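Content type compact mmCIF, C-alpha atoms, from the file final_3.txt:
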# COMPACT_ATOMS: atom_id res chain seq x y z
CA MET A 256 66.73 33.03 -13.45
CA LYS A 257 68.17 36.51 -13.54
CA LYS A 258 67.46 37.04 -17.23
CA PRO A 259 63.71 36.34 -16.97
CA ALA A 260 63.51 38.58 -13.91
CA ARG A 261 65.30 41.33 -15.77
CA HIS A 262 63.02 40.81 -18.72
CA LEU A 263 59.97 41.09 -16.47
CA ARG A 264 61.30 44.30 -14.94
CA ARG A 265 61.79 45.76 -18.39
CA LEU A 266 58.25 44.83 -19.33
CA ALA A 267 56.98 46.42 -16.12
CA LEU A 268 58.93 49.61 -16.77
CA PHE A 269 57.69 49.70 -20.34
CA ALA A 270 54.11 49.24 -19.17
CA ALA A 271 54.54 52.01 -16.59
CA ALA A 272 55.96 54.31 -19.24
CA MET A 273 52.99 53.60 -21.49
CA VAL A 274 50.58 54.39 -18.65
CA LEU A 275 52.38 57.63 -17.84
CA GLY A 276 52.50 58.54 -21.49
CA THR A 277 48.78 57.98 -21.83
CA ALA A 278 48.15 60.08 -18.71
CA ALA A 279 50.37 62.87 -20.08
CA ARG A 280 48.52 62.86 -23.39
CA ALA A 281 45.24 63.04 -21.52
CA SER A 282 46.39 66.05 -19.50
CA ASP A 283 45.17 69.51 -20.48
CA PHE A 284 48.78 70.70 -20.08
CA SER A 285 50.27 68.10 -22.41
CA GLU A 286 49.07 67.88 -26.03
CA PRO A 287 45.35 68.08 -25.19
CA TRP A 288 44.51 68.57 -28.89
CA LYS A 289 45.19 64.85 -29.33
CA ASN A 290 42.13 64.20 -27.19
CA ASP A 291 39.15 64.13 -29.55
CA ASP A 292 36.92 65.33 -26.73
CA ARG A 293 38.68 68.72 -26.53
CA ALA A 294 37.12 71.62 -28.42
CA LEU A 295 39.15 73.70 -30.88
CA VAL A 296 38.93 77.37 -31.84
CA ILE A 297 40.35 79.26 -34.83
CA ASP A 298 41.64 82.82 -34.61
CA ALA A 299 42.48 84.77 -37.75
CA TYR A 300 43.33 88.20 -39.07
CA GLU A 301 42.48 89.90 -42.33
CA TYR A 302 45.26 88.27 -44.39
CA ASN A 303 44.32 84.67 -43.54
CA SER A 304 42.39 83.02 -46.36
CA ILE A 305 39.42 80.92 -45.25
CA ASP A 306 37.55 78.25 -47.19
CA TRP A 307 34.43 78.16 -45.06
CA ALA A 308 32.93 75.06 -46.69
CA GLN A 309 36.07 73.05 -45.92
CA LEU A 310 36.45 74.49 -42.42
CA ALA A 311 32.90 73.46 -41.53
CA THR A 312 33.80 69.79 -42.10
CA ASP A 313 35.91 69.77 -38.92
CA LYS A 314 33.31 69.22 -36.21
CA ARG A 315 35.83 69.91 -33.43
CA ILE A 316 35.98 73.58 -34.41
CA VAL A 317 33.58 75.34 -32.04
CA GLY A 318 34.53 79.01 -32.34
CA PHE A 319 36.10 81.58 -34.63
CA ILE A 320 37.87 84.64 -33.18
CA ASN A 321 38.76 87.37 -35.65
CA LYS A 322 41.01 90.37 -35.30
CA ALA A 323 38.99 93.54 -34.97
CA SER A 324 40.70 96.85 -34.20
CA ASP A 325 44.40 97.66 -34.16
CA GLY A 326 45.54 100.38 -31.77
CA LEU A 327 43.95 103.77 -32.29
CA PRO A 328 41.60 104.44 -35.22
CA PRO A 329 43.15 106.20 -38.24
CA PRO A 330 42.17 109.82 -38.84
CA TYR A 331 39.29 110.36 -41.23
CA PHE A 332 40.45 113.80 -42.33
CA CYS A 333 43.97 113.74 -43.79
CA SER A 334 46.52 116.55 -44.05
CA GLY A 335 50.22 117.08 -44.67
CA ASP A 336 52.31 116.80 -47.81
CA GLU A 337 51.49 114.47 -50.69
CA THR A 338 53.20 111.44 -49.14
CA GLU A 339 51.59 111.92 -45.74
CA PHE A 340 48.20 112.50 -47.35
CA LYS A 341 48.43 109.29 -49.42
CA LEU A 342 49.57 107.27 -46.40
CA CYS A 343 46.69 108.62 -44.33
CA LYS A 344 44.18 107.72 -47.03
CA ALA A 345 45.69 104.24 -47.40
CA LEU A 346 45.41 103.61 -43.67
CA TRP A 347 41.79 104.69 -43.63
CA LYS A 348 41.00 102.54 -46.68
CA ARG A 349 42.62 99.52 -45.02
CA HIS A 350 40.63 100.21 -41.85
CA ALA A 351 37.35 100.38 -43.81
CA VAL A 352 38.07 97.21 -45.82
CA THR A 353 39.17 95.32 -42.70
CA ARG A 354 35.98 96.26 -40.90
CA GLU A 355 33.87 95.16 -43.85
CA LEU A 356 35.69 91.80 -43.95
CA PHE A 357 35.24 91.45 -40.19
CA GLN A 358 31.47 91.92 -40.42
CA THR A 359 31.23 89.51 -43.37
CA ARG A 360 33.13 86.81 -41.54
CA LYS A 361 30.93 87.29 -38.49
CA VAL A 362 27.79 86.61 -40.53
CA VAL A 363 29.30 83.53 -42.23
CA ALA A 364 30.74 82.05 -39.02
CA LYS A 365 27.49 82.40 -37.11
CA ALA A 366 25.56 80.96 -40.05
CA LEU A 367 27.76 77.87 -39.83
CA GLY A 368 26.97 77.51 -36.13
CA LEU A 369 30.33 78.74 -34.86
CA ASN A 370 30.69 80.88 -31.76
CA TRP A 371 32.07 84.29 -32.68
CA GLY A 372 34.77 86.36 -31.02
CA ALA A 373 36.86 89.48 -31.63
CA TYR A 374 40.23 90.69 -30.36
CA HIS A 375 41.97 94.05 -30.21
CA LEU A 376 45.69 94.31 -30.98
CA ALA A 377 47.02 96.56 -28.21
CA ARG A 378 49.44 99.32 -29.23
CA PRO A 379 51.06 102.22 -27.37
CA GLY A 380 48.67 105.14 -27.04
CA ASN A 381 45.53 106.26 -25.26
CA PRO A 382 44.03 103.06 -23.78
CA VAL A 383 40.58 104.56 -23.30
CA GLU A 384 40.36 105.59 -26.95
CA GLN A 385 41.66 102.17 -27.99
CA ALA A 386 38.91 100.52 -25.95
CA ASN A 387 36.32 102.75 -27.58
CA ASN A 388 37.79 101.93 -31.00
CA PHE A 389 37.51 98.23 -30.24
CA VAL A 390 33.91 98.35 -29.03
CA ASP A 391 32.81 100.55 -31.95
CA PHE A 392 34.66 98.38 -34.48
CA ALA A 393 33.60 94.95 -33.21
CA GLU A 394 30.07 95.84 -32.09
CA PRO A 395 30.05 92.67 -29.97
CA ALA A 396 26.80 90.98 -29.11
CA PRO A 397 26.38 89.78 -25.51
CA GLU A 398 27.16 86.21 -26.61
CA ASP A 399 30.35 87.18 -28.49
CA LEU A 400 33.78 86.66 -26.95
CA ILE A 401 35.98 89.76 -26.64
CA ALA A 402 39.74 89.69 -26.08
CA LEU A 403 42.70 91.99 -25.49
CA ASP A 404 45.80 90.92 -27.42
CA LEU A 405 49.00 91.84 -25.53
CA GLU A 406 51.86 90.65 -27.73
CA GLY A 407 54.59 91.56 -25.24
CA ASN A 408 55.72 93.55 -22.24
CA ASP A 409 57.74 96.22 -24.07
CA PRO A 410 55.78 99.50 -23.74
CA SER A 411 57.68 101.01 -26.67
CA GLN A 412 56.12 98.43 -29.02
CA TRP A 413 52.94 97.33 -27.28
CA MET A 414 50.44 98.72 -24.82
CA SER A 415 51.90 98.93 -21.32
CA LEU A 416 50.40 96.74 -18.63
CA GLU A 417 49.22 99.83 -16.73
CA ASP A 418 47.41 101.07 -19.84
CA ALA A 419 46.02 97.58 -20.40
CA GLU A 420 44.31 97.81 -17.01
CA GLU A 421 42.70 101.08 -18.12
CA PHE A 422 41.64 99.44 -21.40
CA VAL A 423 39.93 96.66 -19.45
CA ARG A 424 38.13 99.16 -17.20
CA GLN A 425 36.83 101.12 -20.19
CA VAL A 426 35.60 97.98 -21.95
CA HIS A 427 33.77 97.06 -18.75
CA ARG A 428 32.24 100.54 -18.57
CA ARG A 429 30.98 100.20 -22.14
CA LEU A 430 29.85 96.57 -22.13
CA GLY A 431 29.45 95.58 -18.49
CA ARG A 432 31.81 92.61 -18.85
CA PHE A 433 35.51 91.85 -19.10
CA PRO A 434 37.62 90.67 -22.04
CA VAL A 435 39.76 87.56 -22.20
CA LEU A 436 43.51 88.25 -22.00
CA TYR A 437 45.64 86.90 -24.85
CA THR A 438 49.37 86.90 -24.20
CA ASN A 439 52.53 84.81 -24.40
CA GLY A 440 54.24 82.81 -21.68
CA LYS A 441 56.78 85.46 -20.67
CA THR A 442 54.23 88.24 -20.29
CA ALA A 443 51.74 85.96 -18.54
CA ARG A 444 54.43 84.94 -16.06
CA TYR A 445 55.25 88.59 -15.32
CA ILE A 446 51.60 89.42 -14.73
CA ALA A 447 51.13 86.38 -12.50
CA ASP A 448 54.23 87.24 -10.46
CA ASN A 449 52.96 90.83 -10.05
CA ARG A 450 49.29 90.05 -9.61
CA TYR A 451 48.96 92.45 -6.66
CA THR A 452 49.92 95.28 -9.03
CA TYR A 453 47.86 94.10 -12.01
CA ARG A 454 44.73 93.11 -10.16
CA LEU A 455 42.54 93.11 -13.27
CA LEU A 456 44.88 91.59 -15.84
CA SER A 457 45.84 88.75 -13.50
CA ARG A 458 42.18 87.81 -13.01
CA LEU A 459 41.04 87.86 -16.64
CA PRO A 460 40.44 84.46 -18.25
CA LEU A 461 43.74 83.54 -19.90
CA TRP A 462 44.16 82.88 -23.61
CA TYR A 463 47.65 81.39 -23.46
CA ALA A 464 50.02 81.46 -26.45
CA ARG A 465 52.80 78.87 -26.23
CA TYR A 466 53.92 76.55 -29.01
CA LYS A 467 55.25 73.64 -26.96
CA PRO A 468 53.67 70.22 -26.52
CA ASP A 469 53.87 70.45 -22.73
CA ILE A 470 53.29 73.57 -20.62
CA ASP A 471 52.88 72.08 -17.16
CA VAL A 472 56.18 73.38 -15.72
CA HIS A 473 55.91 76.66 -17.63
CA PHE A 474 52.34 77.64 -16.86
CA PRO A 475 52.11 80.95 -14.90
CA MET A 476 50.35 79.80 -11.76
CA GLY A 477 48.95 82.58 -9.60
CA ASN A 478 45.34 83.61 -9.83
CA TRP A 479 45.37 81.42 -12.94
CA GLN A 480 45.11 77.72 -12.26
CA GLY A 481 44.45 76.90 -15.89
CA TYR A 482 43.75 78.46 -19.26
CA ALA A 483 40.53 79.33 -21.05
CA LEU A 484 42.20 78.77 -24.43
CA TRP A 485 45.69 77.59 -25.38
CA GLN A 486 47.04 78.73 -28.74
CA PHE A 487 49.20 75.73 -29.53
CA SER A 488 49.59 75.97 -33.31
CA ALA A 489 50.67 78.92 -35.44
CA GLN A 490 53.13 79.85 -38.15
CA ALA A 491 55.91 79.42 -35.58
CA ASN A 492 55.46 75.64 -35.36
CA CYS A 493 53.29 74.70 -38.32
CA GLY A 494 54.84 74.19 -41.73
CA ARG A 495 54.32 72.19 -44.91
CA LEU A 496 55.78 68.98 -43.48
CA HIS A 497 54.76 69.12 -39.83
CA CYS A 498 51.97 70.77 -37.86
CA PRO A 499 50.41 69.98 -34.48
CA TYR A 500 46.94 70.23 -36.01
CA ARG A 501 45.73 71.10 -39.49
CA VAL A 502 42.33 72.66 -39.99
CA PRO A 503 40.79 72.02 -43.42
CA GLY A 504 40.26 75.11 -45.51
CA THR A 505 42.92 77.18 -43.74
CA PRO A 506 46.58 77.97 -44.49
CA ASN A 507 49.52 76.67 -42.46
CA ASP A 508 49.92 79.95 -40.60
CA ILE A 509 46.40 79.90 -39.15
CA ASP A 510 46.27 80.02 -35.36
CA VAL A 511 44.61 77.04 -33.69
CA ASN A 512 43.56 76.94 -30.04
CA VAL A 513 42.41 74.19 -27.72
CA ALA A 514 40.04 74.50 -24.77
CA PRO A 515 40.30 72.36 -21.61
CA MET A 516 36.73 71.18 -22.10
CA SER A 517 34.37 69.55 -24.54
CA ALA A 518 32.60 71.33 -27.37
CA GLU A 519 29.31 71.49 -25.45
CA GLN A 520 31.00 72.83 -22.33
CA LEU A 521 32.82 75.50 -24.32
CA ARG A 522 29.59 76.62 -25.97
CA GLN A 523 28.04 77.02 -22.53
CA GLN A 524 30.98 79.04 -21.20
CA TRP A 525 31.68 80.99 -24.38
CA ALA A 526 32.21 84.73 -24.07
CA PHE A 527 33.38 84.20 -20.49
CA GLY A 528 33.19 87.88 -19.44
CA GLY A 529 33.90 87.54 -15.74
CA LEU A 530 36.91 87.69 -13.45
CA ILE A 531 38.65 84.71 -11.93
CA ASP A 532 37.79 84.55 -8.22
CA VAL A 533 40.61 84.30 -5.72
CA PRO A 534 40.38 80.93 -3.88
CA SER A 535 39.01 81.18 -0.34
CA ASP A 536 41.98 79.33 1.15
CA TYR A 537 44.28 81.87 -0.47
CA LEU A 538 42.43 84.64 1.37
CA ALA A 539 42.24 82.75 4.63
CA SER A 540 45.98 82.18 5.15
CA ILE A 541 49.17 84.22 5.10
CA PRO A 542 52.81 83.11 4.78
CA VAL A 543 54.76 83.00 8.02
CA PRO A 544 57.87 85.23 7.78
CA ILE A 545 61.27 83.54 7.88
CA SER A 546 64.56 85.00 9.04
CA ARG A 547 67.11 86.22 6.52
CA ALA A 548 69.68 83.79 7.91
CA ALA A 549 67.36 80.84 7.31
CA ALA A 550 66.60 82.02 3.80
CA LEU A 551 70.29 82.37 2.94
CA ALA A 552 71.10 78.99 4.44
CA GLY A 553 69.28 77.13 1.70
CA LYS A 554 65.92 75.97 0.49
CA VAL A 555 63.19 76.53 3.05
CA THR A 556 59.58 75.45 3.24
CA ILE A 557 57.07 78.27 3.42
CA THR A 558 54.35 77.65 5.98
CA TYR A 559 51.02 79.42 6.20
CA ALA A 560 49.12 80.63 9.22
CA ASP A 561 45.35 80.57 9.27
CA VAL A 562 43.54 83.85 9.63
CA ALA A 563 39.90 84.69 9.98
CA THR A 564 37.97 83.77 6.87
CA PRO A 565 36.70 86.91 5.11
CA PRO A 566 32.98 87.51 5.71
CA THR A 567 30.60 86.53 2.99
CA PHE A 568 28.32 89.04 1.31
CA GLU A 569 25.32 87.73 3.25
CA GLU A 570 27.19 88.11 6.55
CA MET A 571 28.14 91.69 5.71
CA VAL A 572 24.52 92.51 4.88
CA ALA A 573 23.36 91.01 8.19
CA VAL A 574 25.92 93.00 10.22
CA LEU A 575 25.14 96.26 8.44
CA GLY A 576 21.43 95.61 8.86
CA ALA A 577 21.80 95.08 12.62
CA ARG A 578 23.84 98.27 12.95
CA TRP A 579 21.24 100.20 11.00
CA ASP A 580 18.47 98.90 13.27
CA LYS A 581 20.44 100.03 16.33
CA PHE A 582 21.10 103.43 14.77
CA ARG A 583 17.43 103.86 13.83
CA ASP A 584 16.21 102.77 17.27
CA GLY A 585 18.33 105.50 18.84
CA PHE A 586 15.96 108.10 17.38
CA ARG A 587 12.81 106.42 18.61
CA MET A 588 11.06 107.67 21.80
CA PRO A 589 11.25 105.07 24.56
CA VAL A 590 7.56 105.61 25.35
CA VAL A 591 6.53 103.71 22.26
CA LYS A 592 6.96 100.34 23.95
CA THR A 593 6.81 101.31 27.67
CA VAL A 594 3.99 103.80 28.21
CA PRO A 595 0.77 102.45 29.70
CA GLN A 596 -2.00 101.64 27.26
CA ARG A 597 -4.94 103.96 28.13
CA SER A 598 -7.64 105.26 25.85
CA TYR A 599 -7.36 108.71 27.47
CA PHE A 600 -3.58 108.79 27.58
CA GLY A 601 -2.59 112.26 26.40
CA ILE A 602 0.11 114.84 27.09
CA PRO A 603 -1.08 115.64 30.65
CA GLN A 604 -1.20 111.97 31.57
CA TYR A 605 2.23 111.41 30.07
CA VAL A 606 3.76 114.23 32.17
CA ALA A 607 2.07 112.90 35.32
CA TRP A 608 3.28 109.39 34.55
CA LYS A 609 6.87 110.61 34.12
CA ARG A 610 6.76 112.53 37.45
CA THR A 611 5.62 109.62 39.59
CA GLU A 612 8.01 106.91 40.62
CA GLN A 613 5.22 104.41 41.14
CA ARG A 614 4.21 102.05 38.37
CA SER A 615 1.25 100.08 39.79
CA PRO A 616 -2.00 100.43 37.76
CA GLU A 617 -3.89 101.92 40.73
CA GLN A 618 -1.27 104.60 41.37
CA LEU A 619 -1.08 105.40 37.67
CA ASP A 620 -4.85 105.84 37.53
CA ALA A 621 -4.71 108.15 40.57
CA ALA A 622 -1.90 110.19 39.02
CA PHE A 623 -3.79 110.50 35.75
CA ALA A 624 -6.99 111.62 37.54
CA ALA A 625 -5.07 114.36 39.35
CA ALA A 626 -3.24 115.54 36.23
CA ASP A 627 -3.89 119.20 35.43
CA PRO A 628 -3.49 120.15 31.78
CA VAL A 629 -2.56 123.70 32.72
CA SER A 630 0.13 122.83 35.27
CA THR A 631 1.64 120.08 33.13
CA ALA A 632 1.95 122.42 30.18
CA SER A 633 3.70 125.16 32.15
CA THR A 634 7.38 125.45 33.00
CA ALA A 635 6.87 127.09 36.40
CA LEU A 636 6.43 123.83 38.25
CA ASP A 637 9.47 122.34 36.53
CA SER A 638 11.56 125.34 37.53
CA ALA A 639 10.39 125.10 41.14
CA LYS A 640 11.34 121.43 41.32
CA ARG A 641 14.83 122.22 40.14
Can the structure from this file be put into structure tokens for me?
Amino acid sequence: MKKPARHLRRLALFAAAMVLGTAARASDFSEPWKNDDRALVIDAYEYNSIDWAQLATDKRIVGFINKASDGLPPPYFCSGDETEFKLCKALWKRHAVTRELFQTRKVVAKALGLNWGAYHLARPGNPVEQANNFVDFAEPAPEDLIALDLEGNDPSQWMSLEDAEEFVRQVHRRLGRFPVLYTNGKTARYIADNRYTYRLLSRLPLWYARYKPDIDVHFPMGNWQGYALWQFSAQANCGRLHCPYRVPGTPNDIDVNVAPMSAEQLRQQWAFGGLIDVPSDYLASIPVPISRAAALAGKVTITYADVATPPTFEEMVAVLGARWDKFRDGFRMPVVKTVPQRSYFGIPQYVAWKRTEQRSPEQLDAAFAAADPVSTASTALDSAKR
């Protein structure tokens, strides 16, 4: 009897493993590209060859993001010795050809019904001028996705995170919207861990580059609770014999991205352009401090204390409106609502009314009848009363 029981347990464990495996494959943090319902996006640079007719046969491809600008624009006027002059001219020629290819691909991609996007490769240097270079190069339409490509967190090779914040601000000044942030796992983790310092970068929609089948334990939770796009396939993990996903009409080193949504949903959200809101419960609670001795003793559980929920915009408007009404009423004369209503109520009657302590209609009428315009307009009587 033990053998059948053991056999049944093995079958149960196998069935459980199959269920868990199916759930993992269905997760947006574990090989979501295997789910046919998940939309895919291509991103390319100028040296990727594209067979557009073949690419269009893959109906899961919703968008095409192309490299636009790279750092600062090259100088148009060249100087220096012969070598420097030739290098300067070559850089400008490459810039011009790349821009022409970019515009051509934009027309073709949109003609095929693909959503279009552009990214800027961030380099060390003036971030404001780089942002201007990007906007002028890409000329993005309101429906086009825009992205900042931060390849790493080494400011000697790539744009520093502080400069990246300035880049984002300048793009917002020019376009009135924010770019998507493309970066790798290490840099994303650093930004998430220091989100109070990088308040803009940590709230941009995340275009996450990581070439692993599962990212659940690695994902940089913070303001980010998920990704907008996950670059899961590239030259790093796609070769002649094996590739997570092959797109027809593209080489093995093409970058492929998956979205945590269907094609229709991605088309509706395309371009993104906003900031990720901080959850209300995150704002409405604070961690309770623990003693150093308790922290050193071992693993502790962090508890949170509730605080007053931040006021909504409507509540702030109501409070400010009430304060304005009170401030404005302070400049109004109290007689507006309290003086007697009389057809002949003028300055003499007002002075007489203020001098009497009686408020009955008969006494008011008597005071008004005895009011003398001359005496009420003079200061002699007032001085005598003092």
As a PDB file with C-alpha atoms, keeping the file's coordinate frame, please: the residues near A:Trp307 (cut-off 12 Å, only C-alpha atoms, same-chain neighbours under 5 positions excluded).
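After the write, selection28.pdb holds the following:
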ATOM      1  CA  ILE A 297      40.350  79.260 -34.830  1.00  0.00           C
ATOM      2  CA  THR A 312      33.800  69.790 -42.100  1.00  0.00           C
ATOM      3  CA  ASP A 313      35.910  69.770 -38.920  1.00  0.00           C
ATOM      4  CA  ILE A 316      35.980  73.580 -34.410  1.00  0.00           C
ATOM      5  CA  PHE A 319      36.100  81.580 -34.630  1.00  0.00           C
ATOM      6  CA  THR A 359      31.230  89.510 -43.370  1.00  0.00           C
ATOM      7  CA  ARG A 360      33.130  86.810 -41.540  1.00  0.00           C
ATOM      8  CA  LYS A 361      30.930  87.290 -38.490  1.00  0.00           C
ATOM      9  CA  VAL A 362      27.790  86.610 -40.530  1.00  0.00           C
ATOM     10  CA  VAL A 363      29.300  83.530 -42.230  1.00  0.00           C
ATOM     11  CA  ALA A 364      30.740  82.050 -39.020  1.00  0.00           C
ATOM     12  CA  LYS A 365      27.490  82.400 -37.110  1.00  0.00           C
ATOM     13  CA  ALA A 366      25.560  80.960 -40.050  1.00  0.00           C
ATOM     14  CA  LEU A 367      27.760  77.870 -39.830  1.00  0.00           C
ATOM     15  CA  GLY A 368      26.970  77.510 -36.130  1.00  0.00           C
ATOM     16  CA  LEU A 369      30.330  78.740 -34.860  1.00  0.00           C
ATOM     17  CA  VAL A 502      42.330  72.660 -39.990  1.00  0.00           C
ATOM     18  CA  PRO A 503      40.790  72.020 -43.420  1.00  0.00           C
ATOM     19  CA  GLY A 504      40.260  75.110 -45.510  1.00  0.00           C
ATOM     20  CA  THR A 505      42.920  77.180 -43.740  1.00  0.00           C
TER      21      THR A 505
END
*Selection: 12 Å around A:Asn492, all atoms listed in the file, excl. self and same-chain fewer than 3 positions, as a list in words*: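 Neighbouring residues, sequence-local ones excluded: Ala464, Arg465, Tyr466, Lys467, Pro468, Gln486, Phe487, Ser488, Ala489, Arg495, Leu496, His497, Cys498, Pro499, Tyr500, Arg501, Asn507, Asp508, Ile509, Asp510 and Val511 of chain A.
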_Could you list, as a count of residues only, every residue within 6 Å of stretch 397-413 of chain A, counting only C-alpha atoms and ignoring same-chain residues fewer than 6 positions away?_
16
_With distances taken over only C-alpha atoms, which residue among A:Gly318, A:Gly494, A:Pro515, A:Gly576 lies nearest A:Gln480?_
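Residue with the minimum atom-to-atom distance to A:Gln480: A:Pro515.
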*Best match for closeness to A:Tyr302 among A:Leu356, A:Leu459, A:Met414, A:Ala396, counting all atoms listed in the file*: A:Leu356
*Of the residues A:Ala311, A:Leu455, A:Leu484, A:Val513, which is the one nearest to A:Glu286, using all atoms listed in the file?*
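Comparing A:Ala311, A:Leu455, A:Leu484, A:Val513 against A:Glu286, the winner is A:Val513.
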*What does the distance between atom CA of A:Ser285 and atom CA of A:Tyr300 come to in Å, to one decimal place?*
27.0 Å
_To one decimal place in Å, what is the distance between atom CA of A:Gln309 and atom CA of A:Glu519?_
21.6 Å
Restrict the calculation to all atoms listed in the file, then for each residue of stretch 406-489 of chain A with any atom at most 10 Å from an atom of stretch 381-390 of chain A give the closest atom pair and their distance in Å to one decimal, rows by chain and rising residue number, as JSON lines.
{"residue": "A:Met414", "atom": "CA", "partner": "A:Pro382", "partner_atom": "CA", "distance": 7.8}
{"residue": "A:Ser415", "atom": "CA", "partner": "A:Pro382", "partner_atom": "CA", "distance": 9.2}
{"residue": "A:Glu417", "atom": "CA", "partner": "A:Pro382", "partner_atom": "CA", "distance": 9.3}
{"residue": "A:Asp418", "atom": "CA", "partner": "A:Pro382", "partner_atom": "CA", "distance": 5.6}
{"residue": "A:Ala419", "atom": "CA", "partner": "A:Pro382", "partner_atom": "CA", "distance": 6.7}
{"residue": "A:Glu420", "atom": "CA", "partner": "A:Pro382", "partner_atom": "CA", "distance": 8.6}
{"residue": "A:Glu421", "atom": "CA", "partner": "A:Pro382", "partner_atom": "CA", "distance": 6.1}
{"residue": "A:Phe422", "atom": "CA", "partner": "A:Pro382", "partner_atom": "CA", "distance": 4.9}
{"residue": "A:Val423", "atom": "CA", "partner": "A:Ala386", "partner_atom": "CA", "distance": 7.6}
{"residue": "A:Arg424", "atom": "CA", "partner": "A:Val383", "partner_atom": "CA", "distance": 8.5}
{"residue": "A:Gln425", "atom": "CA", "partner": "A:Val383", "partner_atom": "CA", "distance": 6.0}
{"residue": "A:Val426", "atom": "CA", "partner": "A:Ala386", "partner_atom": "CA", "distance": 5.8}
{"residue": "A:His427", "atom": "CA", "partner": "A:Ala386", "partner_atom": "CA", "distance": 9.5}
{"residue": "A:Arg428", "atom": "CA", "partner": "A:Ala386", "partner_atom": "CA", "distance": 9.9}
{"residue": "A:Arg429", "atom": "CA", "partner": "A:Val390", "partner_atom": "CA", "distance": 7.7}
{"residue": "A:Leu430", "atom": "CA", "partner": "A:Val390", "partner_atom": "CA", "distance": 8.2}
